[in-house]
file structure_26.pdb (PDB, C-alpha atoms and all ligand atoms)
ATOM      1  CA  MET A  32     -21.772 -37.419 -78.755  1.00  0.00           C
ATOM      2  CA  THR A  33     -22.244 -38.848 -82.238  1.00  0.00           C
ATOM      3  CA  TYR A  34     -23.368 -42.452 -82.583  1.00  0.00           C
ATOM      4  CA  LEU A  35     -24.059 -44.600 -85.565  1.00  0.00           C
ATOM      5  CA  CYS A  36     -27.794 -44.844 -85.782  1.00  0.00           C
ATOM      6  CA  THR A  37     -30.235 -47.210 -87.416  1.00  0.00           C
ATOM      7  CA  PRO A  38     -31.698 -45.407 -90.405  1.00  0.00           C
ATOM      8  CA  THR A  39     -35.317 -45.314 -91.385  1.00  0.00           C
ATOM      9  CA  GLY A  40     -36.676 -45.368 -94.897  1.00  0.00           C
ATOM     10  CA  PRO A  41     -36.755 -47.784 -97.795  1.00  0.00           C
ATOM     11  CA  ASN A  42     -33.996 -50.122 -98.980  1.00  0.00           C
ATOM     12  CA  GLN A  43     -32.661 -50.818 -95.530  1.00  0.00           C
ATOM     13  CA  LYS A  44     -31.072 -54.186 -94.906  1.00  0.00           C
ATOM     14  CA  TRP A  45     -29.072 -55.983 -92.236  1.00  0.00           C
ATOM     15  CA  THR A  46     -25.407 -56.243 -93.034  1.00  0.00           C
ATOM     16  CA  TYR A  47     -22.272 -57.146 -91.188  1.00  0.00           C
ATOM     17  CA  LEU A  48     -19.766 -54.381 -91.678  1.00  0.00           C
ATOM     18  CA  ASN A  49     -16.093 -54.163 -91.049  1.00  0.00           C
ATOM     19  CA  LEU A  50     -16.263 -51.028 -89.002  1.00  0.00           C
ATOM     20  CA  SER A  51     -12.747 -50.790 -87.652  1.00  0.00           C
ATOM     21  CA  TYR A  52     -12.318 -47.398 -89.286  1.00  0.00           C
ATOM     22  CA  LYS A  53     -15.701 -46.127 -88.118  1.00  0.00           C
ATOM     23  CA  LYS A  54     -15.241 -47.611 -84.645  1.00  0.00           C
ATOM     24  CA  LYS A  55     -12.304 -45.289 -84.133  1.00  0.00           C
ATOM     25  CA  HIS A  56     -14.557 -42.356 -84.808  1.00  0.00           C
ATOM     26  CA  TYR A  57     -17.917 -43.442 -83.480  1.00  0.00           C
ATOM     27  CA  PHE A  58     -17.132 -45.896 -80.686  1.00  0.00           C
ATOM     28  CA  PRO A  59     -19.134 -47.473 -79.045  1.00  0.00           C
ATOM     29  CA  LEU A  60     -21.351 -49.199 -81.567  1.00  0.00           C
ATOM     30  CA  SER A  61     -22.570 -52.636 -82.522  1.00  0.00           C
ATOM     31  CA  PRO A  62     -21.008 -54.280 -85.582  1.00  0.00           C
ATOM     32  CA  TYR A  63     -24.583 -55.082 -86.606  1.00  0.00           C
ATOM     33  CA  ILE A  64     -26.307 -52.003 -87.887  1.00  0.00           C
ATOM     34  CA  LYS A  65     -29.154 -51.418 -90.247  1.00  0.00           C
ATOM     35  CA  PHE A  66     -28.122 -49.157 -93.069  1.00  0.00           C
ATOM     36  CA  ASP A  67     -29.340 -47.948 -96.401  1.00  0.00           C
ATOM     37  CA  THR A  68     -27.820 -46.138 -99.311  1.00  0.00           C
ATOM     38  CA  ASP A  69     -28.744 -42.788 -97.796  1.00  0.00           C
ATOM     39  CA  ILE A  70     -26.318 -41.008 -95.517  1.00  0.00           C
ATOM     40  CA  ASN A  71     -28.844 -40.536 -92.711  1.00  0.00           C
ATOM     41  CA  TRP A  72     -27.350 -43.165 -90.432  1.00  0.00           C
ATOM     42  CA  VAL A  73     -25.255 -40.762 -88.430  1.00  0.00           C
ATOM     43  CA  LYS A  74     -27.404 -38.734 -86.131  1.00  0.00           C
ATOM     44  CA  LYS A  75     -26.811 -36.492 -83.165  1.00  0.00           C
ATOM     45  CA  LEU A  76     -28.270 -37.882 -79.970  1.00  0.00           C
ATOM     46  CA  GLY A  77     -28.736 -36.114 -76.649  1.00  0.00           C
ATOM     47  CA  LYS A  78     -27.757 -37.252 -73.168  1.00  0.00           C
ATOM     48  CA  ILE A  79     -29.669 -40.103 -71.595  1.00  0.00           C
ATOM     49  CA  ARG A  80     -31.316 -39.839 -68.179  1.00  0.00           C
ATOM     50  CA  VAL A  81     -33.098 -42.180 -65.786  1.00  0.00           C
ATOM     51  CA  PHE A  82     -36.869 -41.858 -65.410  1.00  0.00           C
ATOM     52  CA  ARG A  83     -39.396 -43.829 -63.371  1.00  0.00           C
ATOM     53  CA  CYS A  84     -42.942 -44.819 -64.190  1.00  0.00           C
ATOM     54  CA  LYS A  85     -45.329 -43.849 -61.379  1.00  0.00           C
ATOM     55  CA  ILE A  86     -47.697 -46.687 -62.324  1.00  0.00           C
ATOM     56  CA  CYS A  87     -45.433 -49.782 -62.392  1.00  0.00           C
ATOM     57  CA  ARG A  88     -42.504 -48.003 -60.617  1.00  0.00           C
ATOM     58  CA  ASP A  89     -39.980 -49.434 -63.108  1.00  0.00           C
ATOM     59  CA  PRO A  90     -37.004 -47.348 -64.249  1.00  0.00           C
ATOM     60  CA  TYR A  91     -36.398 -46.349 -67.862  1.00  0.00           C
ATOM     61  CA  ILE A  92     -33.303 -44.906 -69.533  1.00  0.00           C
ATOM     62  CA  GLY A  93     -33.655 -42.507 -72.442  1.00  0.00           C
ATOM     63  CA  GLU A  94     -33.351 -38.908 -73.546  1.00  0.00           C
ATOM     64  CA  GLU A  95     -37.046 -38.321 -72.893  1.00  0.00           C
ATOM     65  CA  PRO A  96     -39.810 -40.378 -71.297  1.00  0.00           C
ATOM     66  CA  PRO A  97     -41.321 -42.792 -73.858  1.00  0.00           C
ATOM     67  CA  SER A  98     -44.842 -42.157 -75.222  1.00  0.00           C
ATOM     68  CA  ARG A  99     -45.945 -45.329 -73.385  1.00  0.00           C
ATOM     69  CA  CYS A 100     -44.189 -47.198 -70.560  1.00  0.00           C
ATOM     70  CA  PRO A 101     -42.453 -50.215 -72.193  1.00  0.00           C
ATOM     71  CA  PHE A 102     -43.339 -52.307 -69.116  1.00  0.00           C
ATOM     72  CA  CYS A 103     -46.902 -51.401 -68.083  1.00  0.00           C
ATOM     73  CA  GLY A 104     -48.064 -49.275 -71.037  1.00  0.00           C
ATOM     74  CA  ALA A 105     -48.812 -46.162 -68.931  1.00  0.00           C
ATOM     75  CA  LEU A 106     -48.795 -42.864 -70.815  1.00  0.00           C
ATOM     76  CA  GLY A 107     -45.495 -40.950 -70.843  1.00  0.00           C
ATOM     77  CA  CYS A 108     -46.946 -38.254 -68.566  1.00  0.00           C
ATOM     78  CA  TYR A 109     -46.630 -40.697 -65.639  1.00  0.00           C
ATOM     79  CA  PHE A 110     -42.818 -40.667 -65.887  1.00  0.00           C
ATOM     80  CA  ILE A 111     -40.760 -38.497 -63.560  1.00  0.00           C
ATOM     81  CA  PRO A 112     -36.971 -38.026 -63.322  1.00  0.00           C
ATOM     82  CA  ALA A 113     -35.582 -40.766 -61.040  1.00  0.00           C
ATOM     83  CA  GLU A 114     -34.006 -38.078 -58.811  1.00  0.00           C
ATOM     84  CA  GLU A 115     -37.495 -36.871 -57.893  1.00  0.00           C
ATOM     85  CA  TRP A 116     -38.789 -40.310 -56.850  1.00  0.00           C
ATOM     86  CA  ASN A 117     -40.463 -40.232 -53.449  1.00  0.00           C
ATOM     87  CA  PRO A 118     -41.135 -43.740 -52.072  1.00  0.00           C
ATOM     88  CA  SER A 119     -43.257 -42.377 -49.214  1.00  0.00           C
ATOM     89  CA  GLU A 120     -45.988 -41.596 -51.779  1.00  0.00           C
ATOM     90  CA  TYR A 121     -46.660 -45.331 -51.869  1.00  0.00           C
ATOM     91  CA  ILE A 122     -46.992 -45.746 -48.122  1.00  0.00           C
ATOM     92  CA  PHE A 123     -50.543 -45.068 -46.978  1.00  0.00           C
ATOM     93  CA  GLU A 124     -53.396 -46.559 -45.000  1.00  0.00           C
ATOM     94  CA  MET A 125     -55.559 -48.531 -47.426  1.00  0.00           C
ATOM     95  CA  SER A 126     -59.360 -48.538 -47.238  1.00  0.00           C
ATOM     96  CA  ASP A 127     -61.282 -51.843 -47.253  1.00  0.00           C
ATOM     97  CA  ILE A 128     -62.983 -50.942 -50.542  1.00  0.00           C
ATOM     98  CA  SER A 129     -59.605 -50.375 -52.257  1.00  0.00           C
ATOM     99  CA  LYS A 130     -58.237 -53.634 -50.846  1.00  0.00           C
ATOM    100  CA  ALA A 131     -61.242 -55.516 -52.239  1.00  0.00           C
ATOM    101  CA  ASN A 132     -60.981 -53.716 -55.601  1.00  0.00           C
ATOM    102  CA  LEU A 133     -57.235 -54.401 -55.880  1.00  0.00           C
ATOM    103  CA  ASN A 134     -57.916 -58.097 -55.241  1.00  0.00           C
ATOM    104  CA  ALA A 135     -60.598 -58.108 -57.952  1.00  0.00           C
ATOM    105  CA  ALA A 136     -58.192 -56.308 -60.325  1.00  0.00           C
ATOM    106  CA  LEU A 137     -55.505 -58.890 -59.544  1.00  0.00           C
ATOM    107  CA  GLU A 138     -57.885 -61.708 -60.561  1.00  0.00           C
ATOM    108  CA  LEU A 139     -58.604 -59.935 -63.865  1.00  0.00           C
ATOM    109  CA  GLU A 140     -54.935 -59.272 -64.618  1.00  0.00           C
ATOM    110  CA  LEU A 141     -53.816 -62.823 -63.817  1.00  0.00           C
ATOM    111  CA  SER A 142     -56.618 -64.278 -65.928  1.00  0.00           C
ATOM    112  CA  ASN A 143     -55.772 -61.933 -68.827  1.00  0.00           C
ATOM    113  CA  THR A 144     -52.060 -62.777 -68.515  1.00  0.00           C
ATOM    114  CA  ALA A 145     -52.879 -66.506 -68.741  1.00  0.00           C
ATOM    115  CA  PHE A 146     -55.276 -65.928 -71.655  1.00  0.00           C
ATOM    116  CA  TYR A 147     -52.712 -63.933 -73.672  1.00  0.00           C
ATOM    117  CA  LEU A 148     -50.075 -66.577 -72.892  1.00  0.00           C
ATOM    118  CA  CYS A 149     -52.380 -69.217 -74.408  1.00  0.00           C
ATOM    119  CA  ALA A 150     -53.131 -66.985 -77.439  1.00  0.00           C
ATOM    120  CA  MET A 151     -49.398 -66.310 -77.892  1.00  0.00           C
ATOM    121  CA  ASN A 152     -48.621 -70.049 -77.947  1.00  0.00           C
ATOM    122  CA  ALA A 153     -51.513 -70.729 -80.353  1.00  0.00           C
ATOM    123  CA  ALA A 154     -50.181 -68.077 -82.761  1.00  0.00           C
ATOM    124  CA  LYS A 155     -46.666 -69.533 -82.496  1.00  0.00           C
ATOM    125  CA  THR A 156     -48.012 -73.008 -83.331  1.00  0.00           C
ATOM    126  CA  ASN A 157     -49.774 -71.527 -86.396  1.00  0.00           C
ATOM    127  CA  GLY A 158     -46.578 -69.808 -87.566  1.00  0.00           C
ATOM    128  CA  ASP A 159     -48.377 -66.455 -87.143  1.00  0.00           C
ATOM    129  CA  GLU A 160     -45.524 -64.106 -86.219  1.00  0.00           C
ATOM    130  CA  TYR A 161     -47.731 -61.015 -85.896  1.00  0.00           C
ATOM    131  CA  GLY A 162     -50.200 -62.790 -83.597  1.00  0.00           C
ATOM    132  CA  TYR A 163     -47.314 -64.175 -81.568  1.00  0.00           C
ATOM    133  CA  ALA A 164     -45.763 -60.709 -81.137  1.00  0.00           C
ATOM    134  CA  LYS A 165     -49.051 -59.023 -80.288  1.00  0.00           C
ATOM    135  CA  PHE A 166     -50.235 -61.552 -77.691  1.00  0.00           C
ATOM    136  CA  LYS A 167     -46.758 -61.839 -76.173  1.00  0.00           C
ATOM    137  CA  ALA A 168     -46.570 -58.056 -75.707  1.00  0.00           C
ATOM    138  CA  LEU A 169     -50.047 -58.011 -74.136  1.00  0.00           C
ATOM    139  CA  LYS A 170     -49.180 -60.945 -71.857  1.00  0.00           C
ATOM    140  CA  LYS A 171     -46.118 -59.063 -70.584  1.00  0.00           C
ATOM    141  CA  VAL A 172     -48.068 -55.860 -69.943  1.00  0.00           C
ATOM    142  CA  GLU A 173     -50.912 -57.637 -68.087  1.00  0.00           C
ATOM    143  CA  ASN A 174     -48.353 -59.506 -65.997  1.00  0.00           C
ATOM    144  CA  GLU A 175     -46.755 -56.152 -65.149  1.00  0.00           C
ATOM    145  CA  HIS A 176     -50.188 -54.884 -64.056  1.00  0.00           C
ATOM    146  CA  ALA A 177     -50.554 -57.908 -61.765  1.00  0.00           C
ATOM    147  CA  ASN A 178     -47.105 -57.144 -60.314  1.00  0.00           C
ATOM    148  CA  ALA A 179     -47.995 -53.484 -59.750  1.00  0.00           C
ATOM    149  CA  ILE A 180     -51.146 -54.566 -57.864  1.00  0.00           C
ATOM    150  CA  LEU A 181     -49.118 -57.042 -55.782  1.00  0.00           C
ATOM    151  CA  LYS A 182     -46.855 -54.150 -54.690  1.00  0.00           C
ATOM    152  CA  PHE A 183     -49.880 -52.299 -53.293  1.00  0.00           C
ATOM    153  CA  LEU A 184     -51.202 -55.469 -51.611  1.00  0.00           C
ATOM    154  CA  LYS A 185     -47.679 -56.414 -50.414  1.00  0.00           C
ATOM    155  CA  ILE A 186     -48.098 -60.074 -51.377  1.00  0.00           C
ATOM    156  CA  ASN A 187     -46.219 -62.448 -53.702  1.00  0.00           C
ATOM    157  CA  GLN A 188     -47.476 -63.467 -57.141  1.00  0.00           C
ATOM    158  CA  PRO A 189     -49.704 -66.538 -56.900  1.00  0.00           C
ATOM    159  CA  GLN A 190     -49.304 -69.413 -59.371  1.00  0.00           C
ATOM    160  CA  LEU A 191     -50.763 -68.591 -62.804  1.00  0.00           C
ATOM    161  CA  LYS A 192     -53.809 -70.796 -63.479  1.00  0.00           C
ATOM    162  CA  PRO A 193     -54.049 -71.813 -67.160  1.00  0.00           C
ATOM    163  CA  VAL A 194     -56.856 -70.181 -69.162  1.00  0.00           C
ATOM    164  CA  PRO A 195     -58.077 -71.800 -72.408  1.00  0.00           C
ATOM    165  CA  CYS A 196     -58.140 -69.953 -75.731  1.00  0.00           C
ATOM    166  CA  SER A 197     -58.923 -70.597 -79.391  1.00  0.00           C
ATOM    167  CA  LYS A 198     -56.457 -71.731 -82.064  1.00  0.00           C
ATOM    168  CA  ASN A 199     -57.753 -68.888 -84.230  1.00  0.00           C
ATOM    169  CA  PHE A 200     -56.280 -65.342 -84.239  1.00  0.00           C
ATOM    170  CA  GLU A 201     -59.605 -63.549 -84.886  1.00  0.00           C
ATOM    171  CA  LYS A 202     -61.398 -65.466 -82.131  1.00  0.00           C
ATOM    172  CA  ASN A 203     -58.608 -64.718 -79.648  1.00  0.00           C
ATOM    173  CA  THR A 204     -58.610 -61.075 -80.716  1.00  0.00           C
ATOM    174  CA  GLN A 205     -62.383 -60.927 -80.115  1.00  0.00           C
ATOM    175  CA  GLU A 206     -61.977 -62.518 -76.679  1.00  0.00           C
ATOM    176  CA  GLY A 207     -59.111 -60.107 -75.979  1.00  0.00           C
ATOM    177  CA  TRP A 208     -61.452 -57.220 -76.860  1.00  0.00           C
ATOM    178  CA  ASP A 209     -64.127 -58.589 -74.470  1.00  0.00           C
ATOM    179  CA  ARG A 210     -61.566 -58.991 -71.685  1.00  0.00           C
ATOM    180  CA  GLU A 211     -60.214 -55.443 -72.134  1.00  0.00           C
ATOM    181  CA  ASP A 212     -63.775 -54.093 -72.182  1.00  0.00           C
ATOM    182  CA  ARG A 213     -64.550 -55.823 -68.862  1.00  0.00           C
ATOM    183  CA  ALA A 214     -61.294 -54.538 -67.343  1.00  0.00           C
ATOM    184  CA  ILE A 215     -61.955 -50.934 -68.464  1.00  0.00           C
ATOM    185  CA  LYS A 216     -65.444 -50.945 -66.918  1.00  0.00           C
ATOM    186  CA  ALA A 217     -64.202 -52.471 -63.656  1.00  0.00           C
ATOM    187  CA  TYR A 218     -61.226 -50.086 -63.330  1.00  0.00           C
ATOM    188  CA  ALA A 219     -63.333 -47.003 -64.086  1.00  0.00           C
ATOM    189  CA  LYS A 220     -65.596 -48.037 -61.196  1.00  0.00           C
ATOM    190  CA  PHE A 221     -62.619 -48.802 -58.907  1.00  0.00           C
ATOM    191  CA  ALA A 222     -61.074 -45.389 -59.687  1.00  0.00           C
ATOM    192  CA  LYS A 223     -64.306 -43.627 -58.683  1.00  0.00           C
ATOM    193  CA  GLU A 224     -64.556 -45.656 -55.478  1.00  0.00           C
ATOM    194  CA  ALA A 225     -60.933 -45.173 -54.347  1.00  0.00           C
ATOM    195  CA  PRO A 226     -60.593 -42.715 -51.451  1.00  0.00           C
ATOM    196  CA  GLU A 227     -56.772 -42.754 -51.897  1.00  0.00           C
ATOM    197  CA  ILE A 228     -55.420 -40.431 -54.590  1.00  0.00           C
ATOM    198  CA  GLN A 229     -52.656 -42.952 -55.433  1.00  0.00           C
ATOM    199  CA  LEU A 230     -55.174 -45.678 -56.223  1.00  0.00           C
ATOM    200  CA  ARG A 231     -57.470 -43.313 -58.100  1.00  0.00           C
ATOM    201  CA  GLN A 232     -54.492 -42.401 -60.295  1.00  0.00           C
ATOM    202  CA  PHE A 233     -53.475 -46.055 -60.627  1.00  0.00           C
ATOM    203  CA  PHE A 234     -56.905 -47.254 -61.760  1.00  0.00           C
ATOM    204  CA  GLU A 235     -57.375 -44.260 -64.079  1.00  0.00           C
ATOM    205  CA  SER A 236     -54.067 -45.096 -65.726  1.00  0.00           C
ATOM    206  CA  LEU A 237     -55.127 -48.746 -66.124  1.00  0.00           C
ATOM    207  CA  VAL A 238     -58.310 -47.542 -67.872  1.00  0.00           C
ATOM    208  CA  GLU A 239     -56.131 -45.616 -70.371  1.00  0.00           C
ATOM    209  CA  ILE A 240     -53.812 -48.589 -70.949  1.00  0.00           C
ATOM    210  CA  GLU A 241     -56.603 -51.158 -71.394  1.00  0.00           C
ATOM    211  CA  THR A 242     -58.311 -48.728 -73.785  1.00  0.00           C
ATOM    212  CA  ASP A 243     -55.112 -48.778 -75.875  1.00  0.00           C
ATOM    213  CA  HIS A 244     -55.341 -52.592 -75.917  1.00  0.00           C
ATOM    214  CA  LEU A 245     -59.042 -52.518 -76.812  1.00  0.00           C
ATOM    215  CA  GLU A 246     -58.320 -50.208 -79.751  1.00  0.00           C
ATOM    216  CA  LEU A 247     -55.507 -52.453 -80.958  1.00  0.00           C
ATOM    217  CA  HIS A 248     -57.895 -55.438 -81.000  1.00  0.00           C
ATOM    218  CA  ALA A 249     -60.587 -53.348 -82.719  1.00  0.00           C
ATOM    219  CA  GLU A 250     -58.068 -52.363 -85.414  1.00  0.00           C
ATOM    220  CA  ASN A 251     -57.219 -56.049 -85.989  1.00  0.00           C
ATOM    221  CA  LEU A 252     -60.913 -56.997 -86.224  1.00  0.00           C
ATOM    222  CA  LYS A 253     -61.604 -54.469 -89.033  1.00  0.00           C
ATOM    223  CA  LYS A 254     -62.316 -56.342 -92.208  1.00  0.00           C
TER     224      LYS A 254
HETATM  225 FE    FE B 301     -54.015 -54.927 -67.511  1.00  0.00          FE
HETATM  226 FE    FE B 302     -54.989 -54.964 -71.402  1.00  0.00          FE
HETATM  227 ZN    ZN B 303     -44.883 -48.421 -66.206  1.00  0.00          ZN
END
call {"tool": "encode", "arguments": {"input": "structure_26.pdb", "output": "structure tokens"}}
result
Amino acid sequence: MTYLCTPTGPNQKWTYLNLSYKKKHYFPLSPYIKFDTDINWVKKLGKIRVFRCKICRDPYIGEEPPSRCPFCGALGCYFIPAEEWNPSEYIFEMSDISKANLNAALELELSNTAFYLCAMNAAKTNGDEYGYAKFKALKKVENEHANAILKFLKINQPQLKPVPCSKNFEKNTQEGWDREDRAIKAYAKFAKEAPEIQLRQFFESLVEIETDHLELHAENLKK
């Protein structure tokens, strides 16, 4: 099927178009499209499918799995077609060490969620749109990690305790880096200690995701 597509490249702008003619030919589409003077806004797209992330278990619709899970940040290799989902993989006897490590991971994730929430609000107050977007995205991902842990522990999300932060983007980015560094070290240890393959995979994936976050902070700290 052919859809109108948002183009990439220079000179693009948002415009409201009277698309009654095009609608006949390319329905469905939004009346709001980004377009430029090039003719590259019509593009062939393939069929969409449903996939599921093995780390946060959320479904995703697209032609292919994304490079990173939009919910938990897991690498695309953790996605499987939804038809192949096997819920019994998540039912297993949990060792005491894994229970303790999941509880420790939950503490970290809830604290990081609350910290990024504070940093997001500080950036918003400063009119810093980039800082707002970055800390909001991180807050959502860390909250998703907490939710994924709660599924293993089969408990409800506890109340988020506020965590203080700075008013300054660089200081919050530095603290974010420190927090990701602590999480990576803890999860690498938890992965090694987990007797259950599911939890080894889960913690290894968290190490990869938090490393992505660490590198993002490091990039922002470069002078
Ligand atoms: Fe996390
Ligand atoms: Fe993180
Ligand atoms: Zn995910």
call {"tool": "resolve_selection", "arguments": {"input": "structure_26.pdb", "expression": "the PyMOL selection byres (((not hetatm)) within 6 of (chain B and resi 303))", "output": "ChimeraX atom specification"}}
result
/A:84,86-87,89,100,102-105
call {"tool": "residues_near_ligand", "arguments": {"input": "structure_26.pdb", "ligand": "ligand FE 302 (chain B)", "cutoff": "6 Å", "atoms": "all atoms listed in the file", "output": "mmCIF file with C-alpha atoms, keeping the file's coordinate frame"}}
result
data_model
loop_
_atom_site.group_PDB
_atom_site.id
_atom_site.type_symbol
_atom_site.label_atom_id
_atom_site.label_comp_id
_atom_site.auth_asym_id
_atom_site.auth_seq_id
_atom_site.Cartn_x
_atom_site.Cartn_y
_atom_site.Cartn_z
ATOM 1 C CA GLU A 173 -50.912 -57.637 -68.087
ATOM 2 C CA GLU A 211 -60.214 -55.443 -72.134
ATOM 3 C CA GLU A 241 -56.603 -51.158 -71.394
ATOM 4 C CA HIS A 244 -55.341 -52.592 -75.917
#
call {"tool": "resolve_selection", "arguments": {"input": "structure_26.pdb", "expression": "the PyMOL selection byres (((not hetatm)) within 8 of (chain B and resi 301))", "output": "CSV table (one decimal) with C-alpha atoms, in the frame of the given file"}}
result
chain,number,residue,atom,x,y,z
A,103,CYS,CA,-46.9,-51.4,-68.1
A,139,LEU,CA,-58.6,-59.9,-63.9
A,140,GLU,CA,-54.9,-59.3,-64.6
A,143,ASN,CA,-55.8,-61.9,-68.8
A,172,VAL,CA,-48.1,-55.9,-69.9
A,173,GLU,CA,-50.9,-57.6,-68.1
A,174,ASN,CA,-48.4,-59.5,-66.0
A,175,GLU,CA,-46.8,-56.2,-65.1
A,176,HIS,CA,-50.2,-54.9,-64.1
A,177,ALA,CA,-50.6,-57.9,-61.8
A,211,GLU,CA,-60.2,-55.4,-72.1
A,214,ALA,CA,-61.3,-54.5,-67.3
A,237,LEU,CA,-55.1,-48.7,-66.1
A,240,ILE,CA,-53.8,-48.6,-70.9
A,241,GLU,CA,-56.6,-51.2,-71.4
call {"tool": "atom_distance", "arguments": {"input": "structure_26.pdb", "atom1": "CA of Asn199 (chain A)", "atom2": "CA of Leu252 (chain A)"}}
result
12.5 Å
call {"tool": "closest_residue", "arguments": {"input": "structure_26.pdb", "among": "A:Ser119, A:Asn251, A:Asn132, A:Gln190", "to": "Lys202 (chain A)", "atoms": "only C-alpha atoms"}}
result
A:Asn251
call {"tool": "resolve_selection", "arguments": {"input": "structure_26.pdb", "expression": "the PyMOL selection byres (((chain A and resi 225) around 10) and not hetatm)", "output": "list in words"}}
result
Met125, Ser126, Asp127, Ile128, Ser129, Lys130, Asn132, Lys220, Phe221, Ala222, Lys223, Glu224, Pro226, Glu227, Ile228, Gln229, Leu230, Arg231, Gln232, Phe233 and Phe234 of chain A
call {"tool": "closest_residue", "arguments": {"input": "structure_26.pdb", "among": "A:Ala249, A:Pro112, A:Asp209, A:Asn134", "to": "Ile180 (chain A)", "atoms": "all atoms listed in the file"}}
result
A:Asn134
call {"tool": "residues_around", "arguments": {"input": "structure_26.pdb", "residues": "Arg83 (chain A)", "least_positions_apart": "6", "cutoff": "6 Å", "atoms": "only C-alpha atoms", "output": "list in words"}}
result
Asp89, Pro90, Tyr91, Phe110, Ile111 and Ala113 of chain A
call {"tool": "closest_residue", "arguments": {"input": "structure_26.pdb", "among": "A:Ala219, A:Leu169, A:Leu137, A:Leu191", "to": "Ser236 (chain A)", "atoms": "all atoms listed in the file"}}
result
A:Ala219
call {"tool": "build_atoms", "arguments": {"input": "structure_26.pdb", "residues": "region 153-158 of chain A", "atoms": "all heavy atoms", "output": "CSV table (one decimal), in the coordinates of the input"}}
result
chain,number,residue,atom,x,y,z
A,153,ALA,N,-50.7,-70.3,-79.2
A,153,ALA,CA,-51.5,-70.7,-80.4
A,153,ALA,C,-51.0,-70.1,-81.6
A,153,ALA,O,-50.9,-70.7,-82.7
A,153,ALA,CB,-53.0,-70.4,-80.1
A,154,ALA,N,-50.7,-68.8,-81.6
A,154,ALA,CA,-50.2,-68.1,-82.8
A,154,ALA,C,-48.8,-68.7,-83.2
A,154,ALA,O,-48.6,-68.9,-84.4
A,154,ALA,CB,-50.1,-66.6,-82.5
A,155,LYS,N,-48.0,-69.0,-82.2
A,155,LYS,CA,-46.7,-69.5,-82.5
A,155,LYS,C,-46.8,-70.9,-83.2
A,155,LYS,O,-46.1,-71.1,-84.2
A,155,LYS,CB,-45.9,-69.7,-81.2
A,155,LYS,CG,-44.4,-70.1,-81.4
A,155,LYS,CD,-43.6,-68.9,-81.7
A,155,LYS,CE,-42.1,-69.3,-82.0
A,155,LYS,NZ,-41.4,-68.2,-82.6
A,156,THR,N,-47.8,-71.7,-82.7
A,156,THR,CA,-48.0,-73.0,-83.3
A,156,THR,C,-48.5,-72.8,-84.8
A,156,THR,O,-48.1,-73.6,-85.7
A,156,THR,CB,-49.1,-73.8,-82.5
A,156,THR,OG1,-48.6,-73.8,-81.2
A,156,THR,CG2,-49.3,-75.2,-83.0
A,157,ASN,N,-49.3,-71.8,-85.0
A,157,ASN,CA,-49.8,-71.5,-86.4
A,157,ASN,C,-48.7,-70.9,-87.3
A,157,ASN,O,-49.0,-70.6,-88.5
A,157,ASN,CB,-51.0,-70.6,-86.3
A,157,ASN,CG,-52.2,-71.3,-85.7
A,157,ASN,OD1,-52.2,-72.5,-85.6
A,157,ASN,ND2,-53.1,-70.5,-85.2
A,158,GLY,N,-47.6,-70.5,-86.8
A,158,GLY,CA,-46.6,-69.8,-87.6
A,158,GLY,C,-47.0,-68.4,-87.8
A,158,GLY,O,-46.5,-67.7,-88.8
